[in-house]
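Shown here: input.txt, compact mmCIF, C-alpha atoms and all ligand atoms.
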```txt
# COMPACT_ATOMS: atom_id res chain seq x y z
CA MET A 1 89.49 103.18 76.93
CA ASN A 2 86.03 101.62 76.74
CA TYR A 3 84.71 103.24 79.91
CA SER A 4 84.10 106.78 81.09
CA LYS A 5 84.91 108.86 84.16
CA GLU A 6 81.20 108.56 85.05
CA PHE A 7 81.54 104.76 85.05
CA VAL A 8 84.46 105.04 87.51
CA MET A 9 82.61 107.59 89.67
CA GLY A 10 79.55 105.34 89.88
CA LEU A 11 81.41 102.12 90.72
CA PRO A 12 80.63 101.14 94.33
CA LYS A 13 83.91 101.46 96.22
CA ALA A 14 85.62 101.48 99.59
CA GLU A 15 88.28 103.93 100.68
CA LEU A 16 90.98 102.56 103.00
CA HIS A 17 93.74 105.18 102.92
CA LEU A 18 92.40 108.60 103.72
CA HIS A 19 93.72 110.98 106.36
CA LEU A 20 90.85 113.04 107.76
CA GLU A 21 93.26 115.90 108.36
CA GLY A 22 94.18 115.67 104.67
CA THR A 23 90.61 116.49 103.65
CA LEU A 24 90.79 120.04 105.01
CA GLU A 25 89.80 122.06 101.94
CA PRO A 26 90.92 125.72 101.72
CA GLU A 27 87.31 126.97 102.13
CA LEU A 28 86.81 125.13 105.45
CA LYS A 29 90.34 126.03 106.56
CA LEU A 30 89.60 129.75 106.15
CA LYS A 31 86.14 129.43 107.70
CA LEU A 32 87.51 127.72 110.83
CA ALA A 33 90.47 130.12 111.00
CA ASN A 34 87.95 132.99 111.11
CA LYS A 35 85.70 131.28 113.63
CA ASN A 36 88.57 130.41 115.98
CA HIS A 37 90.54 133.66 115.42
CA ILE A 38 93.63 131.89 114.15
CA ASP A 39 96.10 133.54 111.83
CA ILE A 40 97.17 130.93 109.28
CA GLY A 41 99.19 133.38 107.23
CA GLN A 42 96.79 133.28 104.26
CA LYS A 43 93.57 135.20 103.70
CA THR A 44 92.16 133.86 100.43
CA ILE A 45 91.63 130.48 98.81
CA GLU A 46 94.19 131.42 96.18
CA GLU A 47 96.77 132.24 98.85
CA VAL A 48 96.08 128.94 100.63
CA LYS A 49 96.47 127.01 97.38
CA ALA A 50 99.66 128.89 96.53
CA SER A 51 101.13 127.69 99.83
CA TYR A 52 100.81 124.06 98.66
CA GLN A 53 104.40 123.71 97.50
CA PHE A 54 105.90 120.30 98.13
CA HIS A 55 108.22 117.89 96.38
CA ASP A 56 108.59 115.06 98.89
CA LEU A 57 106.95 113.67 102.02
CA THR A 58 108.90 115.91 104.41
CA SER A 59 108.07 119.17 102.58
CA PHE A 60 104.42 118.06 102.31
CA LEU A 61 104.21 117.43 106.05
CA GLN A 62 105.70 120.90 106.72
CA VAL A 63 102.65 122.44 105.03
CA TYR A 64 100.20 119.86 106.36
CA TYR A 65 100.65 120.08 110.15
CA PRO A 66 100.51 123.88 110.74
CA ALA A 67 97.13 124.01 108.94
CA MET A 68 95.61 121.80 111.61
CA ASN A 69 95.72 124.72 114.10
CA VAL A 70 92.32 125.77 112.81
CA LEU A 71 90.78 122.60 114.32
CA GLN A 72 89.94 123.55 117.91
CA ASP A 73 86.66 122.21 119.24
CA GLU A 74 84.54 119.09 118.75
CA SER A 75 82.35 120.78 116.15
CA ASP A 76 85.44 121.53 114.00
CA PHE A 77 86.46 117.86 113.90
CA TYR A 78 82.88 116.91 113.18
CA ALA A 79 82.66 119.46 110.36
CA LEU A 80 85.87 118.15 108.78
CA ALA A 81 84.80 114.50 108.79
CA HIS A 82 81.26 115.35 107.68
CA ALA A 83 82.56 117.37 104.72
CA TYR A 84 84.71 114.42 103.63
CA LEU A 85 81.78 112.00 103.89
CA LEU A 86 79.67 114.25 101.65
CA LYS A 87 82.46 114.15 99.05
CA ALA A 88 82.75 110.38 99.47
CA LYS A 89 79.07 109.98 98.72
CA ALA A 90 79.49 111.84 95.44
CA HIS A 91 82.19 109.28 94.51
CA ASN A 92 79.90 106.39 95.47
CA VAL A 93 82.08 105.34 98.40
CA LYS A 94 80.00 102.79 100.30
CA TYR A 95 82.48 101.98 103.04
CA CYS A 96 85.55 103.67 104.48
CA GLU A 97 88.22 103.26 107.15
CA LEU A 98 89.57 106.71 107.96
CA PHE A 99 92.93 107.63 109.45
CA PHE A 100 93.24 110.36 112.06
CA ASP A 101 96.28 111.74 113.90
CA PRO A 102 95.42 112.54 117.54
CA GLN A 103 98.97 113.59 118.41
CA ALA A 104 98.82 116.39 115.84
CA HIS A 105 96.10 117.88 118.05
CA THR A 106 96.95 116.79 121.61
CA SER A 107 100.49 118.14 121.09
CA ARG A 108 99.00 121.63 120.68
CA GLY A 109 96.66 121.37 123.64
CA VAL A 110 93.46 119.93 122.14
CA PRO A 111 92.15 117.13 124.40
CA PHE A 112 92.02 113.60 122.96
CA LYS A 113 88.30 113.37 123.68
CA THR A 114 87.55 116.49 121.61
CA VAL A 115 89.19 114.89 118.58
CA ILE A 116 87.67 111.45 118.85
CA ASN A 117 84.18 112.60 119.83
CA GLY A 118 83.99 115.04 116.92
CA TYR A 119 85.18 112.53 114.35
CA TYR A 120 83.12 109.70 115.81
CA LYS A 121 79.90 111.72 115.70
CA ALA A 122 80.35 112.18 111.94
CA VAL A 123 81.27 108.57 111.15
CA SER A 124 78.61 107.04 113.37
CA GLU A 125 75.74 108.93 111.75
CA ALA A 126 76.96 108.41 108.16
CA LYS A 127 75.28 105.04 107.63
CA GLU A 128 71.87 106.47 108.31
CA THR A 129 72.27 109.90 106.74
CA LEU A 130 74.50 109.09 103.75
CA GLY A 131 74.41 105.32 103.32
CA ILE A 132 78.15 105.06 104.07
CA GLU A 133 79.61 102.71 106.67
CA ALA A 134 82.59 104.56 108.11
CA HIS A 135 85.19 103.56 110.71
CA LEU A 136 88.20 105.25 112.33
CA ILE A 137 91.84 104.09 112.39
CA MET A 138 93.97 105.92 114.94
CA CYS A 139 97.50 106.62 113.66
CA PHE A 140 100.65 107.39 115.59
CA LEU A 141 103.00 110.04 114.27
CA ARG A 142 106.17 108.02 113.77
CA ASP A 143 108.42 111.08 114.06
CA MET A 144 107.22 111.55 117.63
CA SER A 145 108.59 109.42 120.46
CA TYR A 146 107.66 105.89 121.43
CA GLU A 147 106.57 107.30 124.82
CA SER A 148 104.16 109.72 123.17
CA ALA A 149 102.64 106.87 121.11
CA LYS A 150 102.28 104.80 124.26
CA GLU A 151 100.54 107.70 126.07
CA THR A 152 98.22 108.14 123.10
CA TYR A 153 97.39 104.43 123.14
CA GLN A 154 96.49 104.70 126.85
CA ALA A 155 94.34 107.79 126.19
CA MET A 156 92.51 105.86 123.47
CA LEU A 157 91.63 102.80 125.61
CA PRO A 158 88.43 104.27 127.16
CA TYR A 159 87.28 104.96 123.55
CA LYS A 160 88.42 101.64 122.08
CA ASP A 161 84.95 100.81 120.75
CA LYS A 162 85.06 103.94 118.59
CA ILE A 163 88.01 102.77 116.46
CA ILE A 164 88.59 99.75 114.25
CA GLY A 165 92.38 99.76 114.13
CA ILE A 166 95.77 101.36 114.60
CA GLY A 167 98.03 102.84 111.93
CA LEU A 168 101.43 104.54 111.61
CA ASP A 169 102.07 107.63 109.51
CA SER A 170 104.14 110.83 109.18
CA ASP A 171 107.85 110.99 108.37
CA GLU A 172 109.36 107.54 107.83
CA ARG A 173 112.94 108.81 107.60
CA ASN A 174 114.86 107.44 110.63
CA ASN A 175 111.57 106.17 112.09
CA PRO A 176 111.43 102.44 111.30
CA PRO A 177 108.36 100.34 112.14
CA GLU A 178 110.12 98.42 114.93
CA LYS A 179 110.19 101.66 116.99
CA PHE A 180 106.49 100.99 117.74
CA LYS A 181 106.46 97.19 117.51
CA ASP A 182 105.25 96.37 121.01
CA ILE A 183 102.36 98.87 120.88
CA PHE A 184 101.12 97.28 117.66
CA LEU A 185 101.44 93.78 119.12
CA GLN A 186 99.43 94.98 122.14
CA ALA A 187 96.79 96.52 119.85
CA LYS A 188 96.45 93.16 118.10
CA LYS A 189 95.94 91.47 121.47
CA ASP A 190 93.33 94.11 122.31
CA GLY A 191 91.34 93.10 119.23
CA LEU A 192 92.29 96.01 116.97
CA HIS A 193 93.34 95.72 113.34
CA ILE A 194 96.83 96.93 112.46
CA THR A 195 98.28 98.60 109.40
CA MET A 196 101.36 100.78 108.76
CA HIS A 197 102.55 103.26 106.17
CA CYS A 198 105.48 102.07 104.11
CA ASP A 199 105.92 105.23 102.10
CA ILE A 200 107.33 105.33 98.59
CA ASP A 201 111.09 105.22 97.93
CA GLN A 202 112.19 105.72 101.51
CA ILE A 203 115.67 104.89 102.79
CA ASP A 204 115.36 101.20 103.74
CA SER A 205 111.86 100.86 102.21
CA ILE A 206 112.21 97.13 101.62
CA LYS A 207 113.64 96.53 105.08
CA HIS A 208 110.69 98.39 106.64
CA ILE A 209 108.21 96.40 104.54
CA ARG A 210 109.84 93.14 105.64
CA THR A 211 109.66 94.17 109.33
CA CYS A 212 105.98 95.17 109.01
CA LEU A 213 105.10 91.82 107.46
CA MET A 214 107.39 89.36 109.21
CA GLU A 215 107.93 90.85 112.68
CA ILE A 216 104.81 92.86 113.34
CA GLY A 217 102.24 91.02 111.25
CA VAL A 218 100.39 93.99 109.75
CA GLU A 219 97.21 93.20 107.84
CA ARG A 220 97.79 95.90 105.23
CA LEU A 221 100.60 98.05 103.89
CA ASP A 222 99.75 101.68 103.27
CA HIS A 223 101.50 102.53 99.97
CA GLY A 224 104.10 99.71 100.05
CA THR A 225 104.76 99.36 96.31
CA ASN A 226 108.53 99.16 96.87
CA ILE A 227 107.76 95.52 97.67
CA VAL A 228 108.36 94.79 93.96
CA GLU A 229 112.09 94.89 94.84
CA ASP A 230 111.73 91.52 96.61
CA GLU A 231 109.88 88.74 94.82
CA SER A 232 109.74 86.52 97.91
CA LEU A 233 107.85 89.25 99.78
CA VAL A 234 105.48 89.63 96.82
CA ASP A 235 104.73 85.90 97.05
CA TYR A 236 104.19 86.30 100.80
CA VAL A 237 101.60 89.10 100.51
CA ILE A 238 99.68 87.21 97.85
CA LYS A 239 99.60 84.04 99.96
CA HIS A 240 98.53 85.96 103.08
CA LYS A 241 96.10 88.30 101.31
CA ILE A 242 97.78 91.46 102.59
CA GLY A 243 96.19 94.57 101.09
CA PHE A 244 98.03 97.53 99.55
CA THR A 245 96.42 100.92 99.96
CA CYS A 246 98.00 102.78 97.05
CA CYS A 247 97.53 106.47 96.36
CA PRO A 248 98.69 107.26 92.80
CA VAL A 249 98.07 111.02 92.74
CA SER A 250 99.66 111.50 96.17
CA ASN A 251 102.66 109.52 94.91
CA SER A 252 103.03 111.86 91.97
CA PHE A 253 103.26 114.83 94.38
CA VAL A 254 105.84 113.40 96.75
CA THR A 255 107.91 111.34 94.28
CA LYS A 256 108.68 111.50 90.57
CA ASP A 257 105.88 109.15 89.50
CA MET A 258 102.57 107.53 90.39
CA LYS A 259 104.09 104.06 90.70
CA GLY A 260 101.42 102.87 88.28
CA LYS A 261 103.76 100.28 86.77
CA GLU A 262 104.28 98.71 90.19
CA MET A 263 100.54 98.76 90.96
CA LYS A 264 99.72 97.13 87.62
CA TYR A 265 102.36 94.47 88.13
CA LEU A 266 101.17 93.63 91.66
CA LEU A 267 97.56 93.55 90.47
CA SER A 268 98.50 91.18 87.62
CA LYS A 269 100.11 88.83 90.15
CA GLY A 270 96.87 88.78 92.17
CA ALA A 271 97.92 91.07 95.03
CA LEU A 272 95.15 93.02 96.78
CA VAL A 273 96.01 96.42 95.32
CA THR A 274 93.55 99.22 96.10
CA VAL A 275 93.40 102.85 94.98
CA ASN A 276 92.84 105.67 97.47
CA SER A 277 93.20 109.43 97.77
CA ASP A 278 95.44 109.87 100.89
CA ASP A 279 95.15 113.66 101.40
CA PRO A 280 92.65 114.74 98.75
CA ALA A 281 92.39 118.41 99.72
CA TYR A 282 96.12 118.83 99.21
CA PHE A 283 96.48 116.76 96.04
CA GLN A 284 93.12 117.94 94.63
CA SER A 285 92.05 114.43 93.80
CA TYR A 286 89.30 112.38 95.46
CA VAL A 287 89.14 108.61 95.13
CA SER A 288 87.44 108.31 91.71
CA ASP A 289 89.83 110.97 90.39
CA ASP A 290 92.75 108.84 91.57
CA LEU A 291 91.28 105.73 89.99
CA TYR A 292 90.51 107.46 86.70
CA THR A 293 93.88 109.25 86.54
CA LEU A 294 95.73 105.97 87.13
CA ALA A 295 93.52 104.18 84.60
CA SER A 296 94.10 106.75 81.86
CA LYS A 297 97.85 107.20 82.45
CA PHE A 298 98.51 103.46 82.62
CA ASN A 299 95.92 102.28 80.15
CA LEU A 300 94.02 100.06 82.56
CA SER A 301 91.37 97.80 81.09
CA LYS A 302 87.80 97.96 82.36
CA GLU A 303 88.43 94.60 84.06
CA GLU A 304 91.43 96.00 85.93
CA VAL A 305 89.42 98.99 87.15
CA ILE A 306 86.64 96.69 88.35
CA GLU A 307 89.20 94.48 90.09
CA LEU A 308 90.66 97.51 91.90
CA ALA A 309 87.17 98.45 93.13
CA LYS A 310 86.54 94.87 94.26
CA ASN A 311 89.90 94.80 96.04
CA SER A 312 88.93 97.90 98.02
CA PHE A 313 86.29 95.78 99.77
CA ARG A 314 88.39 92.60 99.87
CA ALA A 315 91.27 94.39 101.63
CA SER A 316 89.00 96.07 104.19
CA PHE A 317 88.51 94.99 107.79
CA MET A 318 84.83 94.05 107.27
CA SER A 319 83.47 90.50 107.62
CA GLU A 320 83.64 88.06 104.69
CA ALA A 321 79.83 88.01 104.48
CA LYS A 322 79.70 91.79 104.10
CA LYS A 323 82.47 91.70 101.50
CA ALA A 324 80.38 89.26 99.44
CA GLU A 325 77.41 91.67 99.54
CA TYR A 326 79.49 94.59 98.27
CA LEU A 327 81.12 92.48 95.54
CA LYS A 328 77.63 91.58 94.38
CA GLN A 329 76.75 95.28 94.21
CA ILE A 330 79.75 95.80 91.93
CA ASP A 331 78.71 92.92 89.67
CA GLU A 332 75.20 94.35 89.40
CA TYR A 333 76.57 97.81 88.60
CA VAL A 334 78.84 96.41 85.89
CA LYS A 335 75.98 94.44 84.32
CA THR A 336 73.95 97.60 83.91
CA HIS A 337 76.80 99.96 82.91
N1 LIG B 401 100.21 111.82 106.64
C1 LIG B 401 99.35 112.24 105.72
N2 LIG B 401 99.65 111.70 104.52
C2 LIG B 401 100.74 110.91 104.71
C3 LIG B 401 101.51 110.07 103.88
N3 LIG B 401 101.25 109.91 102.59
N4 LIG B 401 102.56 109.44 104.42
C4 LIG B 401 102.83 109.60 105.71
N5 LIG B 401 102.13 110.35 106.54
C5 LIG B 401 101.09 111.01 106.05
ZN ZN B 402 98.86 108.23 103.96
```
Could you render the structure from this file as structure tokens?
Amino acid sequence: MNYSKEFVMGLPKAELHLHLEGTLEPELKLKLANKNHIDIGQKTIEEVKASYQFHDLTSFLQVYYPAMNVLQDESDFYALAHAYLLKAKAHNVKYCELFFDPQAHTSRGVPFKTVINGYYKAVSEAKETLGIEAHLIMCFLRDMSYESAKETYQAMLPYKDKIIGIGLDSDERNNPPEKFKDIFLQAKKDGLHITMHCDIDQIDSIKHIRTCLMEIGVERLDHGTNIVEDESLVDYVIKHKIGFTCCPVSNSFVTKDMKGKEMKYLLSKGALVTVNSDDPAYFQSYVSDDLYTLASKFNLSKEEVIELAKNSFRASFMSEAKKAEYLKQIDEYVKTH
């Protein structure tokens, strides 16, 4: 490899697949547990880390959701998002679109406004304090009911200006995208961007990807690399410039591999593949770590790494003029490094 980890760290980049709740580091988890008098079953960082035992999406989510109990008031949500943004700065993230899961909090009695106001405070000040433009994408938990998603959409409407789009996450098993189709179509009409998780190697992965693209009209696929099973869909995403928010290290935790071969193939065909960290506190890998790990394991050329960084801006929901500015920043960085 003719480039270093420092080169990858310093590359200007965007992050498009990051769950704020997945940035809850053990230190903050214990601090908030203490502050809010919540027994999380672990008392030390080592004990928290030892509880991170998962082999697939379902077992990961079983560890992931109970930890969120420590988030109680607006300042807790602010603290979580602020801590992520500090990390992002260290990885030279210039722009990010961040997922959050309101139902994981409202379902345990935390008001919607507590969640959104806390997160929004952190993202709205980040441009001035950290030089990062940050936006929020509200996700529905697909293993909850359609009615609950609909209620959450209604609760969001008074705060619509605080989010950039709508996403779909959590357990894909038996929860196909069409379950939420009309809410996503409404969101589109309401001027929001739409994206959905198509997790790796799910039952009916390719069918779900086809529904997301052809029936719902998502602008991005979160993960989505199973698309390689259908060449006509690959042609479709290239023609329509649909982005893929891939998360190689996360993949290696919940499946047998990073899906690097698939990412490399899609990239070589000209698809808008991007690299992201998903739930970095749980997989112990922030965005540059993901990019460097993928690059070293799959022998990516410097040009491929640069292309992945450029794609992170191209696949974002920002204006074309802004994209051009960030791409110029990458070119300048490459010239001098
Ligand atoms: N929530 C947090 N991370 C997720 C993932 N990778 N897939 C689905 N839901 C999630
Ligand atoms: Zn995800």
Around ligand ZN 402 (chain B), at most 10 Å away and counting only C-alpha atoms and all ligand atoms, which residues are there? Put them as an NGL selection string, please. :A and (16-19 or 22 or 57 or 99 or 139 or 167-170 or 196-199 or 222-223 or 245-247 or 250-251 or 276-279)
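Among the candidates A:Ala126, A:Leu24, A:Val70, A:Leu213, the residue lying nearest to ligand LIG 401 (chain B) is A:Leu24 (atoms considered: all atoms listed in the file).
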Do you know which residues are at most 12 Å from Asp101 (chain A) counting only C-alpha atoms, after dropping those on the same chain fewer than 2 positions away, and could you put them as a VMD selection string? chain A and resid 18 to 22 64 to 65 68 77 98 to 99 103 to 107 110 112 115 to 116 119 136 to 142 144 149 152 to 153 156 166 to 170
Can you tell me which residues surround Lys181 (chain A) at a distance of at most 12 Å, considering all atoms listed in the file, apart from same-chain residues fewer than 4 positions away, and format the answer as a compact mmCIF listing (two decimals) with C-alpha atoms, in the frame of the given file?
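Written file, part_17.txt:
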```
# COMPACT_ATOMS: atom_id res chain seq x y z
CA PHE A 140 100.65 107.39 115.59
CA ARG A 142 106.17 108.02 113.77
CA TYR A 146 107.66 105.89 121.43
CA ALA A 149 102.64 106.87 121.11
CA LYS A 150 102.28 104.80 124.26
CA ILE A 166 95.77 101.36 114.60
CA GLY A 167 98.03 102.84 111.93
CA LEU A 168 101.43 104.54 111.61
CA ASN A 175 111.57 106.17 112.09
CA PRO A 176 111.43 102.44 111.30
CA PRO A 177 108.36 100.34 112.14
CA LEU A 185 101.44 93.78 119.12
CA GLN A 186 99.43 94.98 122.14
CA ALA A 187 96.79 96.52 119.85
CA LYS A 188 96.45 93.16 118.10
CA ILE A 194 96.83 96.93 112.46
CA THR A 195 98.28 98.60 109.40
CA MET A 196 101.36 100.78 108.76
CA HIS A 208 110.69 98.39 106.64
CA THR A 211 109.66 94.17 109.33
CA CYS A 212 105.98 95.17 109.01
CA LEU A 213 105.10 91.82 107.46
CA MET A 214 107.39 89.36 109.21
CA GLU A 215 107.93 90.85 112.68
CA ILE A 216 104.81 92.86 113.34
CA GLY A 217 102.24 91.02 111.25
CA VAL A 218 100.39 93.99 109.75
```
Closest of A:Asn34, A:Ser252, A:Ser4, A:Gln53 to ligand LIG 401 (chain B) - atom-to-atom distances counting all atoms listed in the file: A:Ser252
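CA of Leu130 (chain A) is positioned 7.6 Å from CA of Leu86 (chain A).
Take the candidates A:Thr58, A:Thr225, A:Thr114, A:Ser232 and check each one against ligand LIG 401 (chain B) using all atoms listed in the file; the shortest distance goes to A:Thr58.
Ranking A:Gly165, A:Gly41, A:Gly191, A:Pro280 by their shortest atom-to-atom distance to ligand LIG 401 (chain B), with all atoms listed in the file included, puts A:Pro280 first.
Between CA of Tyr292 (chain A) and CA of Val249 (chain A) lies a distance of 10.3 Å.
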Just want the 12 Å neighbourhood of Glu332 (chain A), counted on all atoms listed in the file, with same-chain residues fewer than 6 positions away dropped. Output as a list of chain:residue names. A:Gly10, A:Leu11, A:Pro12, A:Ile306, A:Glu325, A:Tyr326
Store the residues picked out above in a file with C-alpha atoms, as a compact mmCIF listing (two decimals), in the coordinates of the input.
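The resulting again_20.txt:
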```
# COMPACT_ATOMS: atom_id res chain seq x y z
CA GLY A 10 79.55 105.34 89.88
CA LEU A 11 81.41 102.12 90.72
CA PRO A 12 80.63 101.14 94.33
CA ILE A 306 86.64 96.69 88.35
CA GLU A 325 77.41 91.67 99.54
CA TYR A 326 79.49 94.59 98.27
```
